[in-house]
file final01.cif (mmCIF, C-alpha atoms and all ligand atoms)
data_entry
#
loop_
_atom_site.group_PDB
_atom_site.id
_atom_site.type_symbol
_atom_site.label_atom_id
_atom_site.label_comp_id
_atom_site.auth_asym_id
_atom_site.auth_seq_id
_atom_site.Cartn_x
_atom_site.Cartn_y
_atom_site.Cartn_z
ATOM 1 C CA MET O 162 -77.367 -96.781 -83.167
ATOM 2 C CA SER O 163 -79.716 -98.568 -85.515
ATOM 3 C CA ARG O 164 -83.312 -97.287 -85.585
ATOM 4 C CA THR O 165 -84.443 -100.863 -86.193
ATOM 5 C CA PHE O 166 -83.079 -101.815 -82.771
ATOM 6 C CA ILE O 167 -85.523 -99.460 -80.992
ATOM 7 C CA GLY O 168 -88.740 -101.268 -80.082
ATOM 8 C CA THR O 169 -87.282 -104.760 -80.273
ATOM 9 C CA ASP O 170 -87.207 -107.297 -77.430
ATOM 10 C CA GLU O 171 -83.438 -106.803 -77.359
ATOM 11 C CA HIS O 172 -83.944 -103.062 -76.822
ATOM 12 C CA LYS O 173 -86.359 -103.719 -73.940
ATOM 13 C CA GLU O 174 -83.952 -106.253 -72.365
ATOM 14 C CA LEU O 175 -81.106 -103.759 -72.638
ATOM 15 C CA PHE O 176 -82.815 -100.689 -71.111
ATOM 16 C CA CYS O 177 -84.425 -102.740 -68.345
ATOM 17 C CA ARG O 178 -81.264 -104.726 -67.568
ATOM 18 C CA GLN O 179 -79.049 -101.628 -67.530
ATOM 19 C CA PHE O 180 -81.494 -100.006 -65.138
ATOM 20 C CA ILE O 181 -81.809 -103.013 -62.830
ATOM 21 C CA ASP O 182 -78.114 -103.954 -62.893
ATOM 22 C CA THR O 183 -76.952 -100.423 -62.004
ATOM 23 C CA HIS O 184 -79.214 -100.219 -58.927
ATOM 24 C CA ASP O 185 -77.245 -99.112 -55.858
ATOM 25 C CA PRO O 186 -78.538 -100.977 -52.780
ATOM 26 C CA TYR O 187 -77.767 -98.289 -50.184
ATOM 27 C CA ASP O 188 -79.874 -97.958 -47.056
ATOM 28 C CA PRO O 189 -80.779 -94.359 -46.019
ATOM 29 C CA LYS O 190 -80.811 -95.455 -42.365
ATOM 30 C CA LYS O 191 -77.109 -96.368 -42.605
ATOM 31 C CA THR O 192 -76.003 -93.095 -44.192
ATOM 32 C CA PRO O 193 -72.652 -91.849 -42.795
ATOM 33 C CA TRP O 194 -73.820 -88.261 -42.252
ATOM 34 C CA PRO O 195 -70.738 -86.061 -41.875
ATOM 35 C CA GLU O 196 -70.208 -83.622 -39.048
ATOM 36 C CA LEU O 197 -71.136 -80.120 -40.230
ATOM 37 C CA SER O 198 -69.698 -76.813 -39.092
ATOM 38 C CA GLY O 199 -72.068 -74.220 -37.650
ATOM 39 C CA ASP O 200 -72.004 -72.293 -40.923
ATOM 40 C CA ALA O 201 -72.831 -75.300 -43.073
ATOM 41 C CA LEU O 202 -75.615 -76.303 -40.691
ATOM 42 C CA GLU O 203 -77.092 -72.817 -40.820
ATOM 43 C CA ARG O 204 -76.962 -72.865 -44.624
ATOM 44 C CA LEU O 205 -78.734 -76.226 -44.667
ATOM 45 C CA ARG O 206 -81.383 -74.961 -42.226
ATOM 46 C CA GLY O 207 -81.869 -71.803 -44.266
ATOM 47 C CA MET O 208 -82.879 -73.676 -47.409
ATOM 48 C CA PRO O 209 -86.633 -73.451 -47.767
ATOM 49 C CA PHE O 210 -87.282 -76.365 -50.099
ATOM 50 C CA TRP O 211 -86.842 -79.555 -48.056
ATOM 51 C CA SER O 212 -90.558 -80.156 -47.527
ATOM 52 C CA GLU O 213 -91.157 -79.546 -51.214
ATOM 53 C CA ALA O 214 -88.337 -81.918 -52.177
ATOM 54 C CA ILE O 215 -89.691 -84.715 -49.967
ATOM 55 C CA SER O 216 -93.243 -84.080 -51.218
ATOM 56 C CA THR O 217 -92.058 -84.214 -54.841
ATOM 57 C CA GLU O 218 -90.132 -87.466 -54.352
ATOM 58 C CA THR O 219 -93.074 -89.046 -52.522
ATOM 59 C CA GLU O 220 -95.520 -88.015 -55.227
ATOM 60 C CA VAL O 221 -93.233 -89.270 -58.004
ATOM 61 C CA ALA O 222 -92.856 -92.590 -56.137
ATOM 62 C CA LYS O 223 -96.642 -92.981 -55.922
ATOM 63 C CA LYS O 224 -97.124 -92.201 -59.616
ATOM 64 C CA VAL O 225 -94.394 -94.616 -60.677
ATOM 65 C CA GLU O 226 -95.651 -97.373 -58.357
ATOM 66 C CA ALA O 227 -99.182 -96.916 -59.773
ATOM 67 C CA LEU O 228 -97.973 -98.201 -63.159
ATOM 68 C CA VAL O 229 -96.608 -101.458 -61.706
ATOM 69 C CA PRO O 230 -99.898 -103.404 -61.357
ATOM 70 C CA VAL O 231 -101.028 -102.540 -64.901
ATOM 71 C CA GLN O 232 -97.685 -103.425 -66.467
ATOM 72 C CA THR O 233 -98.016 -106.913 -67.945
ATOM 73 C CA ASP O 234 -94.421 -107.441 -69.056
ATOM 74 C CA PRO O 235 -92.515 -108.948 -66.076
ATOM 75 C CA LEU O 236 -89.165 -107.306 -66.863
ATOM 76 C CA LEU O 237 -90.704 -103.852 -67.334
ATOM 77 C CA ARG O 238 -92.720 -104.391 -64.158
ATOM 78 C CA GLU O 239 -89.560 -105.231 -62.212
ATOM 79 C CA ALA O 240 -87.745 -102.136 -63.543
ATOM 80 C CA ILE O 241 -90.663 -99.757 -62.887
ATOM 81 C CA ALA O 242 -91.168 -101.173 -59.376
ATOM 82 C CA LEU O 243 -87.461 -100.590 -58.742
ATOM 83 C CA GLN O 244 -87.776 -96.965 -59.878
ATOM 84 C CA GLY O 245 -90.715 -96.511 -57.492
ATOM 85 C CA PHE O 246 -88.572 -97.954 -54.689
ATOM 86 C CA GLU O 247 -85.720 -95.575 -55.536
ATOM 87 C CA GLU O 248 -88.008 -92.519 -55.581
ATOM 88 C CA GLU O 249 -89.381 -93.438 -52.176
ATOM 89 C CA ARG O 250 -85.820 -93.944 -50.974
ATOM 90 C CA HIS O 251 -84.962 -90.399 -52.138
ATOM 91 C CA ALA O 252 -87.758 -89.092 -49.898
ATOM 92 C CA ASN O 253 -86.522 -91.305 -47.031
ATOM 93 C CA LEU O 254 -82.904 -90.177 -47.449
ATOM 94 C CA LEU O 255 -83.913 -86.510 -47.305
ATOM 95 C CA ALA O 256 -86.130 -87.176 -44.283
ATOM 96 C CA GLU O 257 -83.178 -88.929 -42.578
ATOM 97 C CA MET O 258 -80.984 -85.918 -43.339
ATOM 98 C CA LEU O 259 -83.520 -83.525 -41.807
ATOM 99 C CA ARG O 260 -83.775 -85.756 -38.744
ATOM 100 C CA HIS O 261 -80.004 -86.165 -38.360
ATOM 101 C CA TYR O 262 -79.251 -82.441 -38.574
ATOM 102 C CA GLN O 263 -82.370 -81.548 -36.567
ATOM 103 C CA LEU O 264 -83.868 -79.439 -39.316
ATOM 104 C CA ALA O 265 -87.530 -78.454 -39.174
ATOM 105 C CA GLU O 266 -89.997 -81.341 -39.513
ATOM 106 C CA PRO O 267 -91.070 -81.511 -43.197
ATOM 107 C CA THR O 268 -94.661 -80.871 -44.213
ATOM 108 C CA VAL O 269 -95.339 -83.509 -46.835
ATOM 109 C CA SER O 270 -98.257 -82.931 -49.176
ATOM 110 C CA PHE O 271 -99.041 -84.158 -52.666
ATOM 111 C CA ASP O 272 -101.906 -84.391 -55.106
ATOM 112 C CA PRO O 273 -104.023 -87.546 -55.133
ATOM 113 C CA LEU O 274 -103.302 -89.989 -57.942
ATOM 114 C CA GLY O 275 -105.192 -89.435 -61.181
ATOM 115 C CA PRO O 276 -107.354 -92.166 -62.747
ATOM 116 C CA ASP O 277 -104.843 -93.076 -65.486
ATOM 117 C CA PRO O 278 -101.487 -94.471 -64.244
ATOM 118 C CA TYR O 279 -100.036 -94.409 -67.758
ATOM 119 C CA TRP O 280 -100.689 -90.670 -68.056
ATOM 120 C CA GLY O 281 -99.313 -90.116 -64.553
ATOM 121 C CA PHE O 282 -96.104 -91.947 -65.473
ATOM 122 C CA LEU O 283 -95.751 -89.956 -68.708
ATOM 123 C CA ARG O 284 -96.185 -86.627 -66.899
ATOM 124 C CA THR O 285 -93.763 -87.653 -64.184
ATOM 125 C CA GLY O 286 -91.190 -88.930 -66.667
ATOM 126 C CA TYR O 287 -91.118 -85.716 -68.683
ATOM 127 C CA GLY O 288 -90.983 -83.721 -65.446
ATOM 128 C CA GLU O 289 -87.931 -85.731 -64.416
ATOM 129 C CA CYS O 290 -86.303 -85.056 -67.801
ATOM 130 C CA PHE O 291 -86.535 -81.315 -67.055
ATOM 131 C CA ASP O 292 -85.653 -81.403 -63.380
ATOM 132 C CA SER O 293 -82.783 -83.857 -63.676
ATOM 133 C CA PHE O 294 -81.102 -81.852 -66.427
ATOM 134 C CA PHE O 295 -80.967 -78.785 -64.166
ATOM 135 C CA ALA O 296 -80.224 -80.843 -61.055
ATOM 136 C CA PHE O 297 -77.096 -82.248 -62.727
ATOM 137 C CA GLY O 298 -75.738 -78.763 -63.392
ATOM 138 C CA LEU O 299 -76.791 -77.193 -60.092
ATOM 139 C CA PHE O 300 -75.351 -80.105 -58.147
ATOM 140 C CA SER O 301 -72.031 -79.645 -59.930
ATOM 141 C CA LEU O 302 -72.055 -75.874 -59.269
ATOM 142 C CA ALA O 303 -72.916 -76.487 -55.599
ATOM 143 C CA ARG O 304 -69.889 -78.789 -55.427
ATOM 144 C CA GLU O 305 -67.695 -76.241 -57.234
ATOM 145 C CA VAL O 306 -68.577 -73.331 -54.942
ATOM 146 C CA GLU O 307 -68.501 -75.652 -51.880
ATOM 147 C CA LEU O 308 -72.019 -74.741 -50.922
ATOM 148 C CA PHE O 309 -71.814 -77.770 -48.602
ATOM 149 C CA PRO O 310 -68.837 -79.766 -47.366
ATOM 150 C CA LYS O 311 -67.670 -82.402 -49.849
ATOM 151 C CA PRO O 312 -68.644 -85.389 -47.612
ATOM 152 C CA LEU O 313 -72.286 -84.221 -47.603
ATOM 153 C CA ILE O 314 -72.258 -83.712 -51.385
ATOM 154 C CA ASP O 315 -70.831 -87.253 -51.700
ATOM 155 C CA VAL O 316 -73.669 -88.673 -49.610
ATOM 156 C CA LEU O 317 -76.241 -87.044 -51.922
ATOM 157 C CA GLU O 318 -74.424 -88.008 -55.137
ATOM 158 C CA PRO O 319 -76.226 -91.385 -55.634
ATOM 159 C CA VAL O 320 -79.589 -89.570 -55.687
ATOM 160 C CA VAL O 321 -78.471 -87.414 -58.617
ATOM 161 C CA GLN O 322 -77.001 -90.330 -60.582
ATOM 162 C CA GLU O 323 -80.200 -92.304 -59.966
ATOM 163 C CA GLU O 324 -82.135 -89.557 -61.712
ATOM 164 C CA ALA O 325 -79.863 -90.043 -64.770
ATOM 165 C CA ARG O 326 -80.866 -93.720 -64.762
ATOM 166 C CA HIS O 327 -84.536 -92.786 -64.424
ATOM 167 C CA ILE O 328 -84.613 -90.448 -67.411
ATOM 168 C CA LEU O 329 -82.582 -92.857 -69.544
ATOM 169 C CA PHE O 330 -85.065 -95.627 -68.705
ATOM 170 C CA PHE O 331 -88.012 -93.307 -69.370
ATOM 171 C CA VAL O 332 -87.037 -92.129 -72.862
ATOM 172 C CA ASN O 333 -86.287 -95.700 -73.922
ATOM 173 C CA TRP O 334 -89.551 -96.946 -72.395
ATOM 174 C CA VAL O 335 -91.485 -94.256 -74.337
ATOM 175 C CA ALA O 336 -89.820 -95.242 -77.634
ATOM 176 C CA TRP O 337 -90.304 -98.962 -76.974
ATOM 177 C CA GLU O 338 -93.976 -98.489 -76.008
ATOM 178 C CA ARG O 339 -94.649 -96.477 -79.173
ATOM 179 C CA ALA O 340 -93.041 -99.114 -81.340
ATOM 180 C CA GLN O 341 -95.425 -101.732 -79.871
ATOM 181 C CA GLN O 342 -98.462 -99.797 -81.153
ATOM 182 C CA PRO O 343 -99.919 -100.445 -84.626
ATOM 183 C CA TRP O 344 -98.826 -97.768 -87.132
ATOM 184 C CA TYR O 345 -102.161 -95.907 -86.961
ATOM 185 C CA ALA O 346 -101.973 -95.592 -83.155
ATOM 186 C CA GLN O 347 -98.397 -94.335 -83.042
ATOM 187 C CA PRO O 348 -99.319 -90.684 -83.833
ATOM 188 C CA ILE O 349 -101.854 -90.808 -80.954
ATOM 189 C CA HIS O 350 -99.123 -92.046 -78.626
ATOM 190 C CA ALA O 351 -96.790 -89.311 -79.888
ATOM 191 C CA GLY O 352 -99.577 -86.740 -79.320
ATOM 192 C CA ARG O 353 -100.099 -87.913 -75.729
ATOM 193 C CA CYS O 354 -96.371 -87.660 -75.094
ATOM 194 C CA GLY O 355 -96.366 -84.170 -76.633
ATOM 195 C CA LEU O 356 -99.205 -83.136 -74.318
ATOM 196 C CA ALA O 357 -97.459 -84.562 -71.256
ATOM 197 C CA MET O 358 -94.245 -82.757 -72.174
ATOM 198 C CA GLY O 359 -96.128 -79.560 -73.050
ATOM 199 C CA ALA O 360 -97.760 -79.581 -69.606
ATOM 200 C CA GLN O 361 -94.299 -79.677 -68.031
ATOM 201 C CA VAL O 362 -93.033 -76.871 -70.278
ATOM 202 C CA TRP O 363 -96.048 -74.764 -69.308
ATOM 203 C CA THR O 364 -95.606 -75.164 -65.546
ATOM 204 C CA ARG O 365 -91.944 -74.181 -65.897
ATOM 205 C CA ILE O 366 -92.708 -71.126 -68.001
ATOM 206 C CA LYS O 367 -95.246 -70.049 -65.361
ATOM 207 C CA THR O 368 -92.728 -70.544 -62.560
ATOM 208 C CA ALA O 369 -89.877 -68.853 -64.419
ATOM 209 C CA ALA O 370 -92.158 -65.879 -65.160
ATOM 210 C CA GLY O 371 -93.256 -65.807 -61.512
ATOM 211 C CA LEU O 372 -89.645 -65.860 -60.303
ATOM 212 C CA ALA O 373 -88.621 -63.183 -62.818
ATOM 213 C CA MET O 374 -91.341 -60.955 -61.390
ATOM 214 C CA GLY O 375 -90.169 -61.752 -57.873
ATOM 215 C CA GLY O 376 -93.311 -63.663 -56.985
ATOM 216 C CA ASP O 377 -94.398 -67.198 -56.254
ATOM 217 C CA ASP O 378 -96.977 -68.775 -58.504
ATOM 218 C CA GLY O 379 -97.885 -71.378 -55.927
ATOM 219 C CA GLU O 380 -96.789 -74.332 -58.088
ATOM 220 C CA GLU O 381 -95.398 -76.949 -55.746
ATOM 221 C CA GLU O 382 -94.947 -80.079 -57.731
ATOM 222 C CA ASP O 383 -93.568 -80.045 -61.239
ATOM 223 C CA ASP O 384 -91.252 -77.069 -61.159
ATOM 224 C CA PHE O 385 -89.242 -77.967 -58.114
ATOM 225 C CA MET O 386 -85.822 -77.484 -59.724
ATOM 226 C CA LEU O 387 -86.552 -73.904 -60.780
ATOM 227 C CA GLY O 388 -87.365 -73.120 -57.172
ATOM 228 C CA VAL O 389 -84.162 -74.809 -56.068
ATOM 229 C CA GLN O 390 -82.112 -72.800 -58.549
ATOM 230 C CA GLU O 391 -83.564 -69.589 -57.163
ATOM 231 C CA ALA O 392 -83.088 -70.650 -53.546
ATOM 232 C CA LEU O 393 -79.462 -71.720 -54.059
ATOM 233 C CA ASP O 394 -78.697 -68.425 -55.763
ATOM 234 C CA ILE O 395 -75.428 -69.803 -57.077
ATOM 235 C CA SER O 396 -73.675 -66.744 -58.401
ATOM 236 C CA SER O 397 -72.941 -68.002 -61.886
ATOM 237 C CA SER O 398 -73.852 -66.414 -65.170
ATOM 238 C CA PRO O 399 -76.787 -67.961 -67.083
ATOM 239 C CA ALA O 400 -74.306 -69.060 -69.757
ATOM 240 C CA LYS O 401 -72.215 -70.899 -67.191
ATOM 241 C CA VAL O 402 -75.260 -72.561 -65.608
ATOM 242 C CA VAL O 403 -76.491 -73.769 -69.006
ATOM 243 C CA ALA O 404 -73.027 -74.934 -70.099
ATOM 244 C CA THR O 405 -72.586 -76.824 -66.820
ATOM 245 C CA CYS O 406 -75.988 -78.497 -67.174
ATOM 246 C CA ILE O 407 -75.116 -79.645 -70.714
ATOM 247 C CA ARG O 408 -71.698 -80.926 -69.689
ATOM 248 C CA GLU O 409 -73.007 -82.765 -66.628
ATOM 249 C CA ASN O 410 -75.964 -84.231 -68.517
ATOM 250 C CA ASP O 411 -73.603 -85.661 -71.139
ATOM 251 C CA ALA O 412 -71.219 -86.995 -68.492
ATOM 252 C CA ARG O 413 -73.929 -88.651 -66.377
ATOM 253 C CA LEU O 414 -75.485 -90.413 -69.362
ATOM 254 C CA ALA O 415 -72.148 -91.390 -70.931
ATOM 255 C CA PRO O 416 -71.598 -94.647 -68.996
ATOM 256 C CA PHE O 417 -74.689 -96.317 -70.463
ATOM 257 C CA ASP O 418 -74.841 -98.455 -73.595
ATOM 258 C CA ASP O 419 -74.543 -96.409 -76.798
ATOM 259 C CA ARG O 420 -77.475 -98.262 -78.353
ATOM 260 C CA LEU O 421 -79.871 -96.674 -75.839
ATOM 261 C CA LEU O 422 -81.656 -93.415 -76.620
ATOM 262 C CA ARG O 423 -80.783 -90.288 -74.619
ATOM 263 C CA PRO O 424 -83.181 -87.445 -73.703
ATOM 264 C CA LYS O 425 -83.001 -84.919 -76.545
ATOM 265 C CA PHE O 426 -85.600 -82.216 -75.982
ATOM 266 C CA VAL O 427 -84.276 -80.378 -72.907
ATOM 267 C CA PRO O 428 -80.567 -80.710 -73.839
ATOM 268 C CA GLY O 429 -81.500 -79.513 -77.359
ATOM 269 C CA LEU O 430 -83.233 -76.406 -75.976
ATOM 270 C CA ALA O 431 -80.282 -75.832 -73.670
ATOM 271 C CA ARG O 432 -77.813 -76.006 -76.570
ATOM 272 C CA ILE O 433 -79.855 -73.361 -78.418
ATOM 273 C CA ALA O 434 -79.903 -71.218 -75.254
ATOM 274 C CA ALA O 435 -76.144 -71.714 -74.839
ATOM 275 C CA ALA O 436 -75.531 -70.606 -78.436
ATOM 276 C CA ILE O 437 -77.701 -67.482 -77.953
ATOM 277 C CA LEU O 438 -76.093 -66.606 -74.616
ATOM 278 C CA GLY O 439 -72.632 -67.217 -76.084
ATOM 279 C CA ALA O 440 -73.374 -64.988 -79.094
ATOM 280 C CA ARG O 441 -74.608 -62.235 -76.766
ATOM 281 C CA GLY O 442 -71.555 -62.566 -74.557
ATOM 282 C CA GLY O 443 -73.776 -64.016 -71.812
ATOM 283 C CA LEU O 444 -70.812 -65.091 -69.700
ATOM 284 C CA GLY O 445 -70.597 -62.792 -66.764
ATOM 285 C CA VAL O 446 -74.169 -61.535 -66.928
ATOM 286 C CA ARG O 447 -74.829 -62.258 -63.260
ATOM 287 C CA ASP O 448 -71.245 -62.450 -62.026
HETATM 288 FE FE FE W 1 -86.180 -88.951 -57.272
HETATM 289 FE FE FE W 2 -86.419 -90.078 -60.498
#
call {"tool": "encode", "arguments": {"input": "final01.cif", "output": "structure tokens"}}
result
Amino acid sequence: MSRTFIGTDEHKELFCRQFIDTHDPYDPKKTPWPELSGDALERLRGMPFWSEAISTETEVAKKVEALVPVQTDPLLREAIALQGFEEERHANLLAEMLRHYQLAEPTVSFDPLGPDPYWGFLRTGYGECFDSFFAFGLFSLAREVELFPKPLIDVLEPVVQEEARHILFFVNWVAWERAQQPWYAQPIHAGRCGLAMGAQVWTRIKTAAGLAMGGDDGEEEDDFMLGVQEALDISSSPAKVVATCIRENDARLAPFDDRLLRPKFVPGLARIAAAILGARGGLGVRD
């Protein structure tokens, strides 16, 4: 991929068009929810994170939608509005699932929007880069160990693939936006992105430390996937979890045009972790 392509009108057309053209027009109200056995229903009811999941999706939707009115480019505006719609649809799909299987009514809560929609979108985008990477792997492991019946996993599959589209769009949007800035402003843009990403790293370190000590640090928003990983308690070794996340991340991003950028930071960290765990014979640590 040519570096000179990044930041061009052609680049913008490509990442927006790929995003818009791969939109799946499903309607959560028409979801063919499969019949679940008593066991599967109990497992679903026993999972403590549904309210948090719906709150997270709703908050992400609001932050994404907040960028739409300030976005002057019509194609970018259309793509960002579509992402907002998809995030809200994730919340609606989960709410439909809770209703259908008569799970407890969710308690939806989220922080009010901040004053700067651009900052909100940056924070949210980097958060999605973290959460989606782990969601890809955990979703695959849940399928492998048949945590839920296959038809239910299939119903939730579009949500996971949509997150792959979101992070692909986000990293290309960040690179395109930076390229539009004059040379002297580009380091400031890079610094803001670093801060937004650093904030996400920090919340995850806090949560991971809290979980390692068997506590709850009270974070509800940005570290949702770490909580999910703990709640699912999929009995795989850390090495297997990391390897699955890497494999699934690569597979989910593979169908998109090679000229588009891919998220690098989280997969890069994961590859380092995989190498360390592999060298220490990490396979089987938790098995
Ligand atoms: Fe989402
Ligand atoms: Fe998303």
call {"tool": "axis_aligned_box", "arguments": {"input": "final01.cif", "around": "range 341-355 of chain O", "padding_each_side": "6 Å", "output": "JSON"}}
result
{"center_x": -98.8, "center_y": -93.0, "center_z": -81.1, "size_x": 18.7, "size_y": 29.6, "size_z": 24.0}
call {"tool": "closest_residue", "arguments": {"input": "final01.cif", "among": "O:Ala436, O:Ile181, O:Leu329, O:Ala303", "to": "Arg238 in chain O", "atoms": "only C-alpha atoms"}}
result
O:Ile181
call {"tool": "resolve_selection", "arguments": {"input": "final01.cif", "expression": "the PyMOL selection byres (((not hetatm)) within 6 of (chain W and resi 2))", "output": "JSON, numbers by chain"}}
result
{"O": [248, 324, 327]}
call {"tool": "residues_around", "arguments": {"input": "final01.cif", "residues": "range 191-207 of chain O", "least_positions_apart": "4", "cutoff": "8 Å", "atoms": "only C-alpha atoms", "output": "CSV table (one decimal) with C-alpha atoms, keeping the file's coordinate frame"}}
result
chain,number,residue,atom,x,y,z
O,187,TYR,CA,-77.8,-98.3,-50.2
O,258,MET,CA,-81.0,-85.9,-43.3
O,261,HIS,CA,-80.0,-86.2,-38.4
O,262,TYR,CA,-79.3,-82.4,-38.6
O,264,LEU,CA,-83.9,-79.4,-39.3
O,265,ALA,CA,-87.5,-78.5,-39.2
O,308,LEU,CA,-72.0,-74.7,-50.9
O,309,PHE,CA,-71.8,-77.8,-48.6
O,310,PRO,CA,-68.8,-79.8,-47.4
O,312,PRO,CA,-68.6,-85.4,-47.6
O,313,LEU,CA,-72.3,-84.2,-47.6
O,316,VAL,CA,-73.7,-88.7,-49.6
call {"tool": "resolve_selection", "arguments": {"input": "final01.cif", "expression": "the PyMOL selection byres (((not hetatm)) within 8 of (chain W and resi 1))", "output": "mmCIF file with C-alpha atoms, in the frame of the given file"}}
result
data_model
loop_
_atom_site.group_PDB
_atom_site.id
_atom_site.type_symbol
_atom_site.label_atom_id
_atom_site.label_comp_id
_atom_site.auth_asym_id
_atom_site.auth_seq_id
_atom_site.Cartn_x
_atom_site.Cartn_y
_atom_site.Cartn_z
ATOM 1 C CA THR O 217 -92.058 -84.214 -54.841
ATOM 2 C CA GLU O 218 -90.132 -87.466 -54.352
ATOM 3 C CA VAL O 221 -93.233 -89.270 -58.004
ATOM 4 C CA ALA O 222 -92.856 -92.590 -56.137
ATOM 5 C CA GLU O 247 -85.720 -95.575 -55.536
ATOM 6 C CA GLU O 248 -88.008 -92.519 -55.581
ATOM 7 C CA GLU O 249 -89.381 -93.438 -52.176
ATOM 8 C CA HIS O 251 -84.962 -90.399 -52.138
ATOM 9 C CA ALA O 252 -87.758 -89.092 -49.898
ATOM 10 C CA VAL O 320 -79.589 -89.570 -55.687
ATOM 11 C CA VAL O 321 -78.471 -87.414 -58.617
ATOM 12 C CA GLU O 323 -80.200 -92.304 -59.966
ATOM 13 C CA GLU O 324 -82.135 -89.557 -61.712
#
call {"tool": "closest_atom_pairs", "arguments": {"input": "final01.cif", "of": "range 274-307 of chain O", "to": "range 239-244 of chain O", "cutoff": "12 Å", "atoms": "only C-alpha atoms", "output": "JSON lines"}}
result
{"residue": "O:Tyr279", "atom": "CA", "partner": "O:Ile241", "partner_atom": "CA", "distance": 11.8}
{"residue": "O:Phe282", "atom": "CA", "partner": "O:Ile241", "partner_atom": "CA", "distance": 9.9}
{"residue": "O:Thr285", "atom": "CA", "partner": "O:Gln244", "partner_atom": "CA", "distance": 11.9}
{"residue": "O:Gly286", "atom": "CA", "partner": "O:Gln244", "partner_atom": "CA", "distance": 11.1}
call {"tool": "atom_distance", "arguments": {"input": "final01.cif", "atom1": "CA of Glu171 in chain O", "atom2": "CA of Ala340 in chain O"}}
result
12.9 Å
call {"tool": "closest_residue", "arguments": {"input": "final01.cif", "among": "O:Leu255, O:Ala412, O:Ile314, O:Ala360", "to": "Tyr287 in chain O", "atoms": "all atoms listed in the file"}}
result
O:Ala360
call {"tool": "residues_around", "arguments": {"input": "final01.cif", "residues": "Arg339 in chain O", "least_positions_apart": "4", "cutoff": "7 Å", "atoms": "all atoms listed in the file", "output": "VMD selection string"}}
result
chain O and resid 335 347 350
call {"tool": "resolve_selection", "arguments": {"input": "final01.cif", "expression": "the PyMOL selection byres (((chain O and resi 328) around 10) and not hetatm)", "output": "list in words"}}
result
Gly286, Tyr287, Gly288, Glu289, Cys290, Phe291, Asp292, Ser293, Phe294, Glu323, Glu324, Ala325, Arg326, His327, Leu329, Phe330, Phe331, Val332, Asn333, Trp334, Leu414, Arg423 and Pro424 of chain O
call {"tool": "atom_distance", "arguments": {"input": "final01.cif", "atom1": "CA of Pro273 in chain O", "atom2": "CA of Ala369 in chain O"}}
result
25.2 Å
call {"tool": "atom_distance", "arguments": {"input": "final01.cif", "atom1": "CA of Trp337 in chain O", "atom2": "CA of Gly281 in chain O"}}
result
17.7 Å
call {"tool": "closest_residue", "arguments": {"input": "final01.cif", "among": "O:Pro235, O:Gly352, O:Gly371, O:Gly298", "to": "Arg408 in chain O", "atoms": "only C-alpha atoms"}}
result
O:Gly298
call {"tool": "closest_residue", "arguments": {"input": "final01.cif", "among": "O:Gln341, O:Thr405, O:Ser216, O:Ser270", "to": "Phe300 in chain O", "atoms": "all atoms listed in the file"}}
result
O:Thr405
